[in-house]
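*Asks:* Input structure: query_14.csv, which contains CSV, C-alpha atoms.
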chain,number,residue,atom,x,y,z
A,1260,MET,CA,143.7,-160.2,-5.3
A,1261,GLU,CA,143.0,-157.3,-7.6
A,1262,LYS,CA,140.5,-154.6,-6.6
A,1263,HIS,CA,138.0,-155.4,-9.3
A,1264,ASP,CA,138.1,-159.1,-8.2
A,1265,LEU,CA,137.4,-158.1,-4.6
A,1266,ILE,CA,134.4,-156.0,-5.8
A,1267,ALA,CA,133.1,-158.9,-7.9
A,1268,MET,CA,133.3,-161.2,-4.8
A,1269,ILE,CA,132.1,-158.9,-2.1
A,1270,ALA,CA,129.1,-157.4,-3.8
A,1271,PRO,CA,127.4,-160.8,-4.5
A,1272,ALA,CA,128.3,-162.0,-1.0
A,1273,VAL,CA,126.8,-159.0,0.7
A,1274,ARG,CA,123.7,-159.3,-1.4
A,1275,THR,CA,123.3,-163.0,-0.5
A,1276,LEU,CA,124.0,-162.7,3.2
A,1277,LEU,CA,121.5,-159.8,3.6
A,1278,ARG,CA,118.7,-161.6,1.8
A,1279,GLN,CA,115.4,-161.4,3.5
A,1280,GLY,CA,112.7,-163.7,2.2
A,1281,GLU,CA,112.7,-164.9,-1.4
A,1282,VAL,CA,114.0,-161.7,-3.1
A,1283,MET,CA,117.6,-160.5,-2.6
A,1284,PRO,CA,118.4,-156.8,-2.3
A,1285,THR,CA,120.5,-155.0,-4.9
A,1286,VAL,CA,123.9,-153.7,-3.8
A,1287,SER,CA,125.6,-150.7,-5.4
A,1288,PHE,CA,129.3,-150.0,-5.1
A,1289,GLN,CA,131.2,-146.7,-4.7
A,1290,GLU,CA,135.0,-146.2,-4.4
A,1291,THR,CA,134.9,-144.0,-1.3
A,1292,LEU,CA,133.9,-145.0,2.3
A,1293,CYS,CA,130.5,-143.7,3.2
A,1294,GLY,CA,131.3,-142.0,6.5
A,1295,LYS,CA,128.0,-143.1,8.2
A,1296,LYS,CA,127.9,-144.6,11.6
A,1297,GLU,CA,124.3,-145.9,12.0
A,1298,GLY,CA,123.5,-148.8,9.7
A,1299,CYS,CA,127.0,-149.1,8.3
A,1300,LEU,CA,129.3,-152.0,9.1
A,1301,GLU,CA,133.0,-151.8,8.5
A,1302,ILE,CA,134.8,-155.0,7.5
A,1303,SER,CA,138.5,-155.2,7.0
A,1304,ILE,CA,139.6,-157.5,4.2
A,1305,ASP,CA,143.1,-158.8,3.6
A,1306,SER,CA,143.5,-158.9,-0.2
A,1307,SER,CA,146.2,-161.6,0.1
A,1308,ASP,CA,143.6,-164.0,1.7
A,1309,THR,CA,142.0,-166.7,-0.4
A,1310,SER,CA,138.5,-166.2,-1.8
A,1311,GLN,CA,137.3,-168.9,0.7
A,1312,GLN,CA,138.8,-166.9,3.6
A,1313,ILE,CA,137.3,-163.6,2.4
A,1314,LEU,CA,133.9,-165.2,2.1
A,1315,ALA,CA,134.2,-166.7,5.6
A,1316,SER,CA,135.1,-163.3,7.0
A,1317,LEU,CA,132.1,-161.6,5.4
A,1318,THR,CA,129.8,-164.3,6.5
A,1319,GLN,CA,131.0,-164.1,10.1
A,1320,ALA,CA,130.7,-160.3,10.2
A,1321,LEU,CA,127.3,-160.0,8.5
A,1322,THR,CA,125.5,-162.8,10.3
A,1323,ALA,CA,126.7,-161.6,13.7
A,1324,LYS,CA,124.8,-158.3,13.3
A,1325,SER,CA,121.1,-158.2,14.4
A,1326,HIS,CA,120.3,-154.6,13.4
A,1327,PRO,CA,119.5,-153.7,9.8
A,1328,ILE,CA,122.7,-153.0,7.7
A,1329,GLN,CA,122.4,-150.3,5.2
A,1330,CYS,CA,126.0,-150.4,3.8
A,1331,VAL,CA,129.2,-152.3,4.2
A,1332,CYS,CA,132.5,-150.4,4.2
A,1333,VAL,CA,135.7,-152.2,3.2
A,1334,PRO,CA,138.8,-150.0,3.7
A,1335,GLY,CA,140.9,-149.9,0.6
A,1336,VAL,CA,138.1,-151.0,-1.6
A,1337,GLY,CA,135.0,-148.8,-1.0
A,1338,HIS,CA,131.5,-149.1,0.3
A,1339,PHE,CA,128.6,-151.3,-0.8
A,1340,THR,CA,125.1,-149.8,-0.2
A,1341,VAL,CA,122.2,-152.2,0.3
A,1342,HIS,CA,118.9,-151.4,-1.5
A,1343,PRO,CA,116.1,-153.7,-0.3
A,1344,THR,CA,113.9,-154.8,-3.2
A,1345,THR,CA,110.3,-154.3,-2.3
A,1346,THR,CA,108.4,-153.3,-5.5
A,1347,PRO,CA,109.1,-155.7,-8.3
A,1348,GLN,CA,106.7,-158.5,-8.8
A,1349,GLY,CA,106.6,-161.3,-11.4
A,1350,ARG,CA,108.3,-164.6,-12.3
A,1351,VAL,CA,111.8,-163.1,-12.0
A,1352,ALA,CA,111.1,-160.5,-9.3
A,1353,GLY,CA,114.4,-159.1,-8.0
A,1354,LYS,CA,116.6,-161.1,-10.3
A,1355,ILE,CA,119.5,-159.4,-12.0
A,1356,ALA,CA,119.7,-160.3,-15.7
A,1357,VAL,CA,122.2,-159.5,-18.4
A,1358,VAL,CA,121.0,-160.0,-22.0
A,1359,THR,CA,123.6,-159.7,-24.8
A,1360,GLY,CA,122.6,-158.3,-28.2
A,1361,ALA,CA,119.8,-156.5,-26.5
A,1362,ALA,CA,119.6,-153.3,-28.5
A,1363,GLN,CA,117.1,-154.8,-31.0
A,1364,GLY,CA,115.3,-158.0,-32.1
A,1365,PHE,CA,115.1,-161.1,-29.9
A,1366,GLY,CA,117.5,-159.7,-27.4
A,1367,LEU,CA,115.5,-156.5,-26.9
A,1368,GLU,CA,112.2,-158.2,-26.6
A,1369,ILE,CA,113.7,-160.7,-24.1
A,1370,ALA,CA,115.0,-157.8,-22.0
A,1371,GLN,CA,111.6,-156.1,-22.2
A,1372,ASP,CA,109.8,-159.2,-21.0
A,1373,LEU,CA,112.2,-159.9,-18.1
A,1374,ALA,CA,111.8,-156.3,-16.9
A,1375,ALA,CA,108.0,-156.6,-17.1
A,1376,GLN,CA,108.3,-159.7,-14.9
A,1377,GLY,CA,110.3,-157.9,-12.2
A,1378,ALA,CA,113.9,-158.3,-13.1
A,1379,TYR,CA,116.7,-155.7,-13.1
A,1380,VAL,CA,118.0,-155.9,-16.7
A,1381,ALA,CA,121.3,-154.9,-18.3
A,1382,LEU,CA,121.0,-154.5,-22.0
A,1383,ALA,CA,124.4,-155.3,-23.4
A,1384,ASP,CA,125.2,-154.5,-27.0
A,1385,ILE,CA,128.0,-153.3,-29.2
A,1386,ASN,CA,125.6,-150.5,-30.1
A,1387,GLU,CA,125.6,-148.8,-26.7
A,1388,ALA,CA,123.6,-145.7,-27.9
A,1389,ALA,CA,120.6,-147.9,-29.1
A,1390,ALA,CA,120.8,-150.0,-25.9
A,1391,LYS,CA,120.8,-146.8,-23.8
A,1392,THR,CA,117.6,-145.6,-25.6
A,1393,GLU,CA,115.8,-148.8,-24.9
A,1394,ALA,CA,117.1,-149.1,-21.3
A,1395,ASP,CA,115.7,-145.6,-20.6
A,1396,LYS,CA,112.3,-146.7,-22.0
A,1397,LEU,CA,112.3,-149.6,-19.6
A,1398,CYS,CA,113.2,-147.4,-16.7
A,1399,SER,CA,110.3,-145.1,-17.5
A,1400,LEU,CA,107.9,-148.0,-17.6
A,1401,HIS,CA,109.2,-150.0,-14.6
A,1402,GLY,CA,111.2,-147.7,-12.3
A,1403,PRO,CA,114.3,-145.5,-12.5
A,1404,ASN,CA,116.8,-148.2,-11.5
A,1405,ARG,CA,115.4,-151.2,-13.3
A,1406,ALA,CA,117.4,-151.2,-16.5
A,1407,MET,CA,120.8,-150.1,-17.7
A,1408,ALA,CA,122.8,-150.2,-20.9
A,1409,VAL,CA,126.4,-151.5,-21.1
A,1410,ALA,CA,128.7,-151.5,-24.1
A,1411,MET,CA,129.7,-155.0,-24.9
A,1412,ASN,CA,131.6,-156.6,-27.8
A,1413,VAL,CA,131.3,-160.3,-27.2
A,1414,THR,CA,134.4,-161.1,-29.2
A,1415,SER,CA,136.5,-159.0,-26.8
A,1416,LYS,CA,137.4,-160.3,-23.3
A,1417,GLU,CA,138.2,-156.8,-22.1
A,1418,SER,CA,134.9,-155.4,-23.3
A,1419,ILE,CA,132.9,-158.2,-21.7
A,1420,GLN,CA,134.8,-157.9,-18.4
A,1421,LYS,CA,134.3,-154.1,-18.3
A,1422,ALA,CA,130.5,-154.5,-18.9
A,1423,VAL,CA,130.1,-157.2,-16.3
A,1424,THR,CA,131.9,-155.1,-13.7
A,1425,GLU,CA,129.5,-152.2,-14.4
A,1426,VAL,CA,126.6,-154.5,-13.7
A,1427,VAL,CA,128.1,-155.8,-10.5
A,1428,LYS,CA,128.9,-152.2,-9.3
A,1429,LYS,CA,125.3,-151.1,-10.0
A,1430,TRP,CA,123.3,-154.0,-8.7
A,1431,GLY,CA,125.6,-156.4,-6.9
A,1432,GLY,CA,125.7,-159.6,-9.0
A,1433,ILE,CA,124.1,-161.6,-11.8
A,1434,ASP,CA,121.3,-164.2,-11.5
A,1435,LEU,CA,120.6,-164.8,-15.1
A,1436,PHE,CA,122.9,-164.4,-18.1
A,1437,VAL,CA,121.2,-164.6,-21.5
A,1438,SER,CA,123.8,-165.1,-24.3
A,1439,ASN,CA,121.8,-163.9,-27.2
A,1440,ALA,CA,124.2,-161.9,-29.4
A,1441,GLY,CA,124.6,-163.6,-32.8
A,1442,VAL,CA,125.3,-162.9,-36.4
A,1443,LEU,CA,124.8,-164.7,-39.7
A,1444,LYS,CA,126.5,-164.7,-43.1
A,1445,ALA,CA,124.7,-167.1,-45.4
A,1446,GLU,CA,126.7,-168.4,-48.3
A,1447,SER,CA,127.8,-171.6,-50.0
A,1448,VAL,CA,130.9,-173.4,-48.6
A,1449,LYS,CA,132.2,-173.2,-52.1
A,1450,THR,CA,132.4,-169.4,-52.1
A,1451,GLN,CA,132.2,-168.1,-48.5
A,1452,SER,CA,135.2,-166.0,-47.5
A,1453,GLU,CA,137.4,-166.9,-44.6
A,1454,LYS,CA,136.7,-163.4,-43.2
A,1455,ASP,CA,132.9,-164.0,-43.1
A,1456,PHE,CA,133.4,-167.5,-41.6
A,1457,ASP,CA,135.6,-166.1,-38.8
A,1458,PHE,CA,133.2,-163.3,-38.1
A,1459,VAL,CA,130.3,-165.7,-37.5
A,1460,THR,CA,132.4,-168.1,-35.5
A,1461,ASN,CA,133.9,-165.4,-33.3
A,1462,VAL,CA,130.6,-163.9,-32.4
A,1463,ASN,CA,128.4,-167.0,-32.1
A,1464,TYR,CA,130.9,-169.5,-30.7
A,1465,LYS,CA,133.9,-167.8,-29.1
A,1466,GLY,CA,131.7,-165.0,-27.9
A,1467,TYR,CA,129.6,-167.4,-25.9
A,1468,PHE,CA,132.7,-169.0,-24.4
A,1469,LEU,CA,134.1,-165.6,-23.4
A,1470,CYS,CA,130.9,-164.4,-21.8
A,1471,VAL,CA,130.5,-167.5,-19.7
A,1472,GLN,CA,134.1,-167.3,-18.6
A,1473,ALA,CA,133.5,-163.7,-17.5
A,1474,VAL,CA,130.4,-164.4,-15.4
A,1475,ALA,CA,130.8,-167.9,-14.0
A,1476,GLY,CA,132.9,-166.9,-11.0
A,1477,ILE,CA,130.6,-164.1,-10.1
A,1478,MET,CA,127.5,-166.2,-10.4
A,1479,ALA,CA,129.1,-169.0,-8.3
A,1480,ILE,CA,129.5,-166.8,-5.1
A,1481,PRO,CA,125.9,-166.9,-3.8
A,1482,HIS,CA,125.8,-170.7,-4.0
A,1483,LYS,CA,129.0,-170.9,-1.9
A,1484,ILE,CA,127.2,-169.0,0.8
A,1485,ASN,CA,123.7,-170.5,0.3
A,1486,PRO,CA,123.7,-174.0,-1.3
A,1487,ASN,CA,120.0,-173.6,-2.1
A,1488,TYR,CA,120.7,-170.7,-4.5
A,1489,THR,CA,120.9,-171.4,-8.2
A,1490,SER,CA,121.5,-169.2,-11.1
A,1491,ASP,CA,121.1,-169.6,-14.9
A,1492,ILE,CA,123.1,-169.1,-18.1
A,1493,ILE,CA,120.9,-169.5,-21.1
A,1494,GLN,CA,122.2,-169.4,-24.6
A,1495,ILE,CA,119.8,-168.4,-27.4
A,1496,ASN,CA,120.9,-170.9,-29.9
A,1497,SER,CA,118.9,-171.9,-33.1
A,1498,LYS,CA,117.2,-174.8,-34.7
A,1499,SER,CA,120.3,-174.6,-36.9
A,1500,GLY,CA,122.1,-175.9,-33.9
A,1501,LEU,CA,120.1,-179.1,-34.1
A,1502,VAL,CA,120.0,-179.8,-37.9
A,1503,GLY,CA,122.3,-178.6,-40.7
A,1504,SER,CA,121.5,-175.6,-42.8
A,1505,ASN,CA,122.0,-175.6,-46.5
A,1506,ARG,CA,124.4,-172.9,-47.7
A,1507,ASN,CA,124.6,-171.6,-44.2
A,1508,GLY,CA,127.3,-173.8,-42.7
A,1509,ALA,CA,129.2,-171.1,-40.8
A,1510,TYR,CA,126.1,-170.3,-38.8
A,1511,ALA,CA,125.0,-173.9,-38.2
A,1512,GLY,CA,128.5,-174.9,-37.3
A,1513,SER,CA,128.8,-172.2,-34.7
A,1514,LYS,CA,125.4,-173.1,-33.3
A,1515,PHE,CA,126.2,-176.8,-33.1
A,1516,GLY,CA,129.4,-175.8,-31.3
A,1517,GLY,CA,127.4,-173.7,-28.9
A,1518,ILE,CA,125.4,-176.7,-27.8
A,1519,GLY,CA,128.7,-178.5,-27.2
A,1520,LEU,CA,129.8,-175.7,-25.0
A,1521,THR,CA,126.4,-175.7,-23.2
A,1522,GLU,CA,126.7,-179.4,-22.3
A,1523,SER,CA,130.3,-179.0,-21.2
A,1524,PHE,CA,129.7,-175.9,-19.2
A,1525,ALA,CA,126.7,-177.5,-17.5
A,1526,LEU,CA,128.8,-180.5,-16.3
A,1527,GLU,CA,131.5,-178.2,-14.9
A,1528,LEU,CA,129.3,-175.4,-13.4
A,1529,VAL,CA,126.7,-177.6,-11.7
A,1530,GLU,CA,128.9,-177.7,-8.6
A,1531,ASP,CA,128.6,-173.9,-8.5
A,1532,GLY,CA,124.8,-174.0,-8.6
A,1533,ILE,CA,124.8,-172.6,-12.1
A,1534,LYS,CA,122.4,-174.3,-14.6
A,1535,VAL,CA,123.5,-173.9,-18.2
A,1536,ASN,CA,121.0,-174.5,-21.1
A,1537,SER,CA,120.4,-173.6,-24.7
A,1538,ILE,CA,117.1,-172.6,-26.3
A,1539,CYS,CA,116.8,-173.4,-30.0
A,1540,PRO,CA,114.2,-171.1,-31.6
A,1541,GLY,CA,112.7,-171.6,-35.0
A,1542,ASN,CA,112.8,-168.8,-37.5
A,1543,PHE,CA,112.1,-165.3,-36.0
A,1544,PHE,CA,110.7,-163.9,-39.2
A,1545,ASP,CA,109.6,-160.6,-37.8
A,1546,GLY,CA,113.0,-159.6,-36.4
A,1547,PRO,CA,115.8,-157.8,-38.2
A,1548,LEU,CA,117.8,-161.0,-38.7
A,1549,TRP,CA,115.2,-162.1,-41.2
A,1550,SER,CA,113.4,-158.9,-42.2
A,1551,ASP,CA,116.0,-156.2,-42.5
A,1552,PRO,CA,115.4,-154.8,-46.0
A,1553,ASN,CA,119.1,-154.5,-46.7
A,1554,ASN,CA,120.9,-157.5,-45.2
A,1555,GLY,CA,118.1,-159.7,-43.7
A,1556,LEU,CA,118.0,-163.4,-44.4
A,1557,PHE,CA,115.0,-163.0,-46.8
A,1558,VAL,CA,117.2,-160.7,-48.9
A,1559,GLN,CA,120.3,-162.9,-48.5
A,1560,TYR,CA,118.4,-166.1,-49.5
A,1561,LEU,CA,116.8,-164.4,-52.5
A,1562,ARG,CA,120.2,-163.1,-53.6
A,1563,THR,CA,122.0,-166.4,-53.2
A,1564,GLY,CA,119.3,-168.5,-54.8
A,1565,LYS,CA,118.8,-170.6,-51.7
A,1566,VAL,CA,115.0,-170.9,-52.4
A,1567,PRO,CA,114.4,-172.6,-55.8
A,1568,GLY,CA,112.2,-170.5,-58.0
A,1569,ALA,CA,111.7,-167.6,-55.6
A,1570,LYS,CA,111.2,-164.3,-57.4
A,1571,SER,CA,110.4,-162.1,-54.4
A,1572,LEU,CA,110.9,-161.7,-50.7
A,1573,ALA,CA,107.3,-162.8,-50.2
A,1574,ASP,CA,108.2,-166.1,-52.0
A,1575,VAL,CA,111.1,-166.7,-49.7
A,1576,LYS,CA,109.0,-166.0,-46.6
A,1577,LYS,CA,106.2,-168.3,-47.7
A,1578,PHE,CA,108.8,-171.1,-48.4
A,1579,TYR,CA,110.1,-170.9,-44.9
A,1580,GLU,CA,106.6,-170.6,-43.2
A,1581,ASP,CA,105.5,-173.7,-45.1
A,1582,LYS,CA,108.3,-175.6,-43.5
A,1583,VAL,CA,106.8,-175.1,-40.1
A,1584,PRO,CA,104.0,-177.5,-39.1
A,1585,MET,CA,102.4,-174.6,-37.2
A,1586,LYS,CA,102.7,-172.4,-40.3
A,1587,ARG,CA,104.3,-169.4,-38.5
A,1588,GLY,CA,107.6,-168.1,-37.3
A,1589,CYS,CA,108.8,-168.3,-33.8
A,1590,ARG,CA,107.9,-165.3,-31.5
A,1591,THR,CA,109.5,-163.9,-28.4
A,1592,ALA,CA,106.6,-165.1,-26.3
A,1593,ASP,CA,107.4,-168.6,-27.3
A,1594,VAL,CA,111.0,-168.2,-26.3
A,1595,MET,CA,110.1,-166.5,-23.0
A,1596,LYS,CA,108.1,-169.6,-21.9
A,1597,ALA,CA,111.2,-171.7,-22.4
A,1598,ILE,CA,113.4,-169.2,-20.5
A,1599,TYR,CA,111.1,-169.2,-17.5
A,1600,TYR,CA,110.7,-173.0,-17.6
A,1601,LEU,CA,114.5,-173.4,-17.5
A,1602,MET,CA,114.9,-171.0,-14.7
A,1603,GLU,CA,112.1,-172.5,-12.6
A,1604,GLN,CA,113.0,-176.1,-13.3
A,1605,GLN,CA,115.7,-176.9,-10.7
A,1606,TYR,CA,116.3,-180.4,-12.0
A,1607,GLU,CA,117.5,-179.7,-15.5
A,1608,THR,CA,120.8,-178.6,-17.0
A,1609,GLY,CA,122.8,-179.1,-20.2
A,1610,GLN,CA,119.8,-179.2,-22.4
A,1611,ALA,CA,119.0,-177.8,-25.9
A,1612,VAL,CA,115.3,-177.0,-25.8
A,1613,PRO,CA,113.7,-176.7,-29.3
A,1614,VAL,CA,111.1,-173.9,-29.8
A,1615,THR,CA,110.4,-174.6,-33.5
A,1616,GLY,CA,106.6,-175.1,-34.0
A,1617,GLY,CA,107.3,-178.7,-34.7
A,1618,GLN,CA,109.9,-178.0,-37.5
A,1619,VAL,CA,112.6,-179.9,-35.5
A,1620,MET,CA,111.5,-182.8,-33.3
A,1621,LEU,CA,113.9,-184.5,-30.9
A,1622,HIS,CA,114.1,-188.2,-30.6
Can you present the structure in this file as structure tokens?
*Replies:*
Amino acid sequence: MEKHDLIAMIAPAVRTLLRQGEVMPTVSFQETLCGKKEGCLEISIDSSDTSQQILASLTQALTAKSHPIQCVCVPGVGHFTVHPTTTPQGRVAGKIAVVTGAAQGFGLEIAQDLAAQGAYVALADINEAAAKTEADKLCSLHGPNRAMAVAMNVTSKESIQKAVTEVVKKWGGIDLFVSNAGVLKAESVKTQSEKDFDFVTNVNYKGYFLCVQAVAGIMAIPHKINPNYTSDIIQINSKSGLVGSNRNGAYAGSKFGGIGLTESFALELVEDGIKVNSICPGNFFDGPLWSDPNNGLFVQYLRTGKVPGAKSLADVKKFYEDKVPMKRGCRTADVMKAIYYLMEQQYETGQAVPVTGGQVMLH
């Protein structure tokens, strides 16, 4: 077994086995052995063993010790320092969350709310500098170790794996993965370029698949040790994943496909204690996807003539607000209620939850 695979297995196992009460500790990894005697437990691992054998060895060694364990040293791998979580409070206190596309818009506001509710949050984005700026702000508000930024291109398996490994090394696992990164190129099927179609599909559909593939094994480990533990993968989908979207087929198709992935992943990963669900928000008019003055949807829809008779951006916005029975766009607070519901509801998986102000009604 490769070293990065051992780290990705040992850190979540240590975190789970040393849990006290409802909140698990965080576990940080360093390449060298710590050299301590008191509070440090050395465990030898044979990298040729199966994952089941390694987990059994860790379980036996850690449960046999009655004194507090401050770190676990594994020769040939490194040491895992245990950091008891005592200060965070809230609906997701002590949870480790990763949010993709978190440098701005929905993703950033989701990360901000998770941090305010007690989570450790990794802001993953292709724009690492912007994510770092926002992560620093969260640390200043909630504590120096409560947020981090990781560079992630969701269309690259290598980029995703590197980012996930950074999160595991810093905190010891992942309890919540929010697949939020998404793009949109609105145009008629008669004229849209293959390049634009592929761009939307690769980010929204393939990117979701690659992210789940990268995190599923890590998120499964605590459940193998503690069958009562569950974790969550939540895809931020769209109302366009529930109903077609005129002159926006690449986006709607990728979102329909995303719900197919959610349902399929849910069936497979339930045995690992991982719940997989999608949230389908209505239009987030205040975010950059819609309101960016250069390439937002209001601009795109005005330019492509998608709204009949529209002469201005205000005309386009009113047209879409009037489609919503509640006469407003979706807000992050609306989406957060759905996220917390899905995390707290233990008897639900494989669902696509609409948050559309009544614009899309399931039957």
*Asks:* Within 12 Å of (110.1, -163.0, -40.3) (coordinates as in the file), grab all the protein and nucleic acid residues, counting all atoms listed in the file, and write them out as a PDB file with C-alpha atoms, keeping the file's coordinate frame.
*Replies:*
ATOM      1  CA  GLY A1364     115.300-158.000 -32.100  1.00  0.00           C
ATOM      2  CA  PHE A1365     115.100-161.100 -29.900  1.00  0.00           C
ATOM      3  CA  GLY A1541     112.700-171.600 -35.000  1.00  0.00           C
ATOM      4  CA  ASN A1542     112.800-168.800 -37.500  1.00  0.00           C
ATOM      5  CA  PHE A1543     112.100-165.300 -36.000  1.00  0.00           C
ATOM      6  CA  PHE A1544     110.700-163.900 -39.200  1.00  0.00           C
ATOM      7  CA  ASP A1545     109.600-160.600 -37.800  1.00  0.00           C
ATOM      8  CA  GLY A1546     113.000-159.600 -36.400  1.00  0.00           C
ATOM      9  CA  PRO A1547     115.800-157.800 -38.200  1.00  0.00           C
ATOM     10  CA  LEU A1548     117.800-161.000 -38.700  1.00  0.00           C
ATOM     11  CA  TRP A1549     115.200-162.100 -41.200  1.00  0.00           C
ATOM     12  CA  SER A1550     113.400-158.900 -42.200  1.00  0.00           C
ATOM     13  CA  ASP A1551     116.000-156.200 -42.500  1.00  0.00           C
ATOM     14  CA  PRO A1552     115.400-154.800 -46.000  1.00  0.00           C
ATOM     15  CA  GLY A1555     118.100-159.700 -43.700  1.00  0.00           C
ATOM     16  CA  LEU A1556     118.000-163.400 -44.400  1.00  0.00           C
ATOM     17  CA  PHE A1557     115.000-163.000 -46.800  1.00  0.00           C
ATOM     18  CA  VAL A1558     117.200-160.700 -48.900  1.00  0.00           C
ATOM     19  CA  LEU A1572     110.900-161.700 -50.700  1.00  0.00           C
ATOM     20  CA  ALA A1573     107.300-162.800 -50.200  1.00  0.00           C
ATOM     21  CA  VAL A1575     111.100-166.700 -49.700  1.00  0.00           C
ATOM     22  CA  LYS A1576     109.000-166.000 -46.600  1.00  0.00           C
ATOM     23  CA  LYS A1577     106.200-168.300 -47.700  1.00  0.00           C
ATOM     24  CA  PHE A1578     108.800-171.100 -48.400  1.00  0.00           C
ATOM     25  CA  TYR A1579     110.100-170.900 -44.900  1.00  0.00           C
ATOM     26  CA  GLU A1580     106.600-170.600 -43.200  1.00  0.00           C
ATOM     27  CA  LYS A1586     102.700-172.400 -40.300  1.00  0.00           C
ATOM     28  CA  ARG A1587     104.300-169.400 -38.500  1.00  0.00           C
ATOM     29  CA  GLY A1588     107.600-168.100 -37.300  1.00  0.00           C
ATOM     30  CA  CYS A1589     108.800-168.300 -33.800  1.00  0.00           C
ATOM     31  CA  ARG A1590     107.900-165.300 -31.500  1.00  0.00           C
ATOM     32  CA  THR A1591     109.500-163.900 -28.400  1.00  0.00           C
TER      33      THR A1591
END
*Asks:* Given all atoms listed in the file as the basis, pick out the residue of A:Ala1390, A:Leu1314, A:Cys1470, A:Val1286 nearest to A:Val1341.
*Replies:*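 Of A:Ala1390, A:Leu1314, A:Cys1470, A:Val1286, the one nearest A:Val1341, counting all atoms listed in the file, is A:Val1286.
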*Asks:* How many Å separate atom CA of A:His1482 from atom CA of A:Ala1272?
*Replies:*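 These atoms are spaced 9.5 Å apart.
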*Asks:* May I have the residues within 6 Å of stretch 1377-1385 of chain A as a PyMOL selection string, using all atoms listed in the file and disregarding those fewer than 6 positions away in the same chain?
*Replies:* chain A and resi 1347-1349+1351-1362+1405-1412
*Asks:* From the list A:Ala1374, A:Ala1389, A:Gln1279, A:Val1426, which residue is nearest A:His1401 when using all atoms listed in the file?
*Replies:*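 Residue with the minimum atom-to-atom distance to A:His1401: A:Ala1374.
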*Asks:* For stretch 1436-1449 of chain A, where the input has fewer atoms than it should, I would like N, CA and C atoms rebuilt and written as a PDB file, in the frame of the given file.
*Replies:*
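Once everything was written out, this is result32.pdb:
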ATOM      1  N   PHE A1436     122.149-164.904 -16.996  1.00  0.00           N
ATOM      2  CA  PHE A1436     122.900-164.400 -18.100  1.00  0.00           C
ATOM      3  C   PHE A1436     122.344-165.011 -19.390  1.00  0.00           C
ATOM      4  N   VAL A1437     121.800-164.174 -20.282  1.00  0.00           N
ATOM      5  CA  VAL A1437     121.200-164.600 -21.500  1.00  0.00           C
ATOM      6  C   VAL A1437     122.212-164.296 -22.663  1.00  0.00           C
ATOM      7  N   SER A1438     122.866-165.320 -23.199  1.00  0.00           N
ATOM      8  CA  SER A1438     123.800-165.100 -24.300  1.00  0.00           C
ATOM      9  C   SER A1438     123.064-165.177 -25.600  1.00  0.00           C
ATOM     10  N   ASN A1439     122.665-164.004 -26.060  1.00  0.00           N
ATOM     11  CA  ASN A1439     121.800-163.900 -27.200  1.00  0.00           C
ATOM     12  C   ASN A1439     122.497-163.341 -28.455  1.00  0.00           C
ATOM     13  N   ALA A1440     123.562-162.562 -28.274  1.00  0.00           N
ATOM     14  CA  ALA A1440     124.200-161.900 -29.400  1.00  0.00           C
ATOM     15  C   ALA A1440     124.621-162.934 -30.453  1.00  0.00           C
ATOM     16  N   GLY A1441     124.256-162.658 -31.696  1.00  0.00           N
ATOM     17  CA  GLY A1441     124.600-163.600 -32.800  1.00  0.00           C
ATOM     18  C   GLY A1441     124.554-162.895 -34.118  1.00  0.00           C
ATOM     19  N   VAL A1442     125.297-163.442 -35.057  1.00  0.00           N
ATOM     20  CA  VAL A1442     125.300-162.900 -36.400  1.00  0.00           C
ATOM     21  C   VAL A1442     125.215-164.052 -37.405  1.00  0.00           C
ATOM     22  N   LEU A1443     124.920-163.708 -38.644  1.00  0.00           N
ATOM     23  CA  LEU A1443     124.800-164.700 -39.700  1.00  0.00           C
ATOM     24  C   LEU A1443     125.245-164.185 -41.012  1.00  0.00           C
ATOM     25  N   LYS A1444     126.046-164.971 -41.680  1.00  0.00           N
ATOM     26  CA  LYS A1444     126.500-164.700 -43.100  1.00  0.00           C
ATOM     27  C   LYS A1444     126.185-165.967 -43.862  1.00  0.00           C
ATOM     28  N   ALA A1445     125.103-165.955 -44.622  1.00  0.00           N
ATOM     29  CA  ALA A1445     124.700-167.100 -45.400  1.00  0.00           C
ATOM     30  C   ALA A1445     125.343-167.169 -46.741  1.00  0.00           C
ATOM     31  N   GLU A1446     126.078-168.252 -46.984  1.00  0.00           N
ATOM     32  CA  GLU A1446     126.700-168.400 -48.300  1.00  0.00           C
ATOM     33  C   GLU A1446     127.186-169.841 -48.461  1.00  0.00           C
ATOM     34  N   SER A1447     127.352-170.260 -49.689  1.00  0.00           N
ATOM     35  CA  SER A1447     127.800-171.600 -50.000  1.00  0.00           C
ATOM     36  C   SER A1447     129.240-171.811 -49.461  1.00  0.00           C
ATOM     37  N   VAL A1448     129.535-173.031 -49.024  1.00  0.00           N
ATOM     38  CA  VAL A1448     130.900-173.400 -48.600  1.00  0.00           C
ATOM     39  C   VAL A1448     131.870-173.235 -49.757  1.00  0.00           C
ATOM     40  N   LYS A1449     131.371-173.287 -50.963  1.00  0.00           N
ATOM     41  CA  LYS A1449     132.200-173.200 -52.100  1.00  0.00           C
ATOM     42  C   LYS A1449     132.772-171.772 -52.346  1.00  0.00           C
TER      43      LYS A1449
END
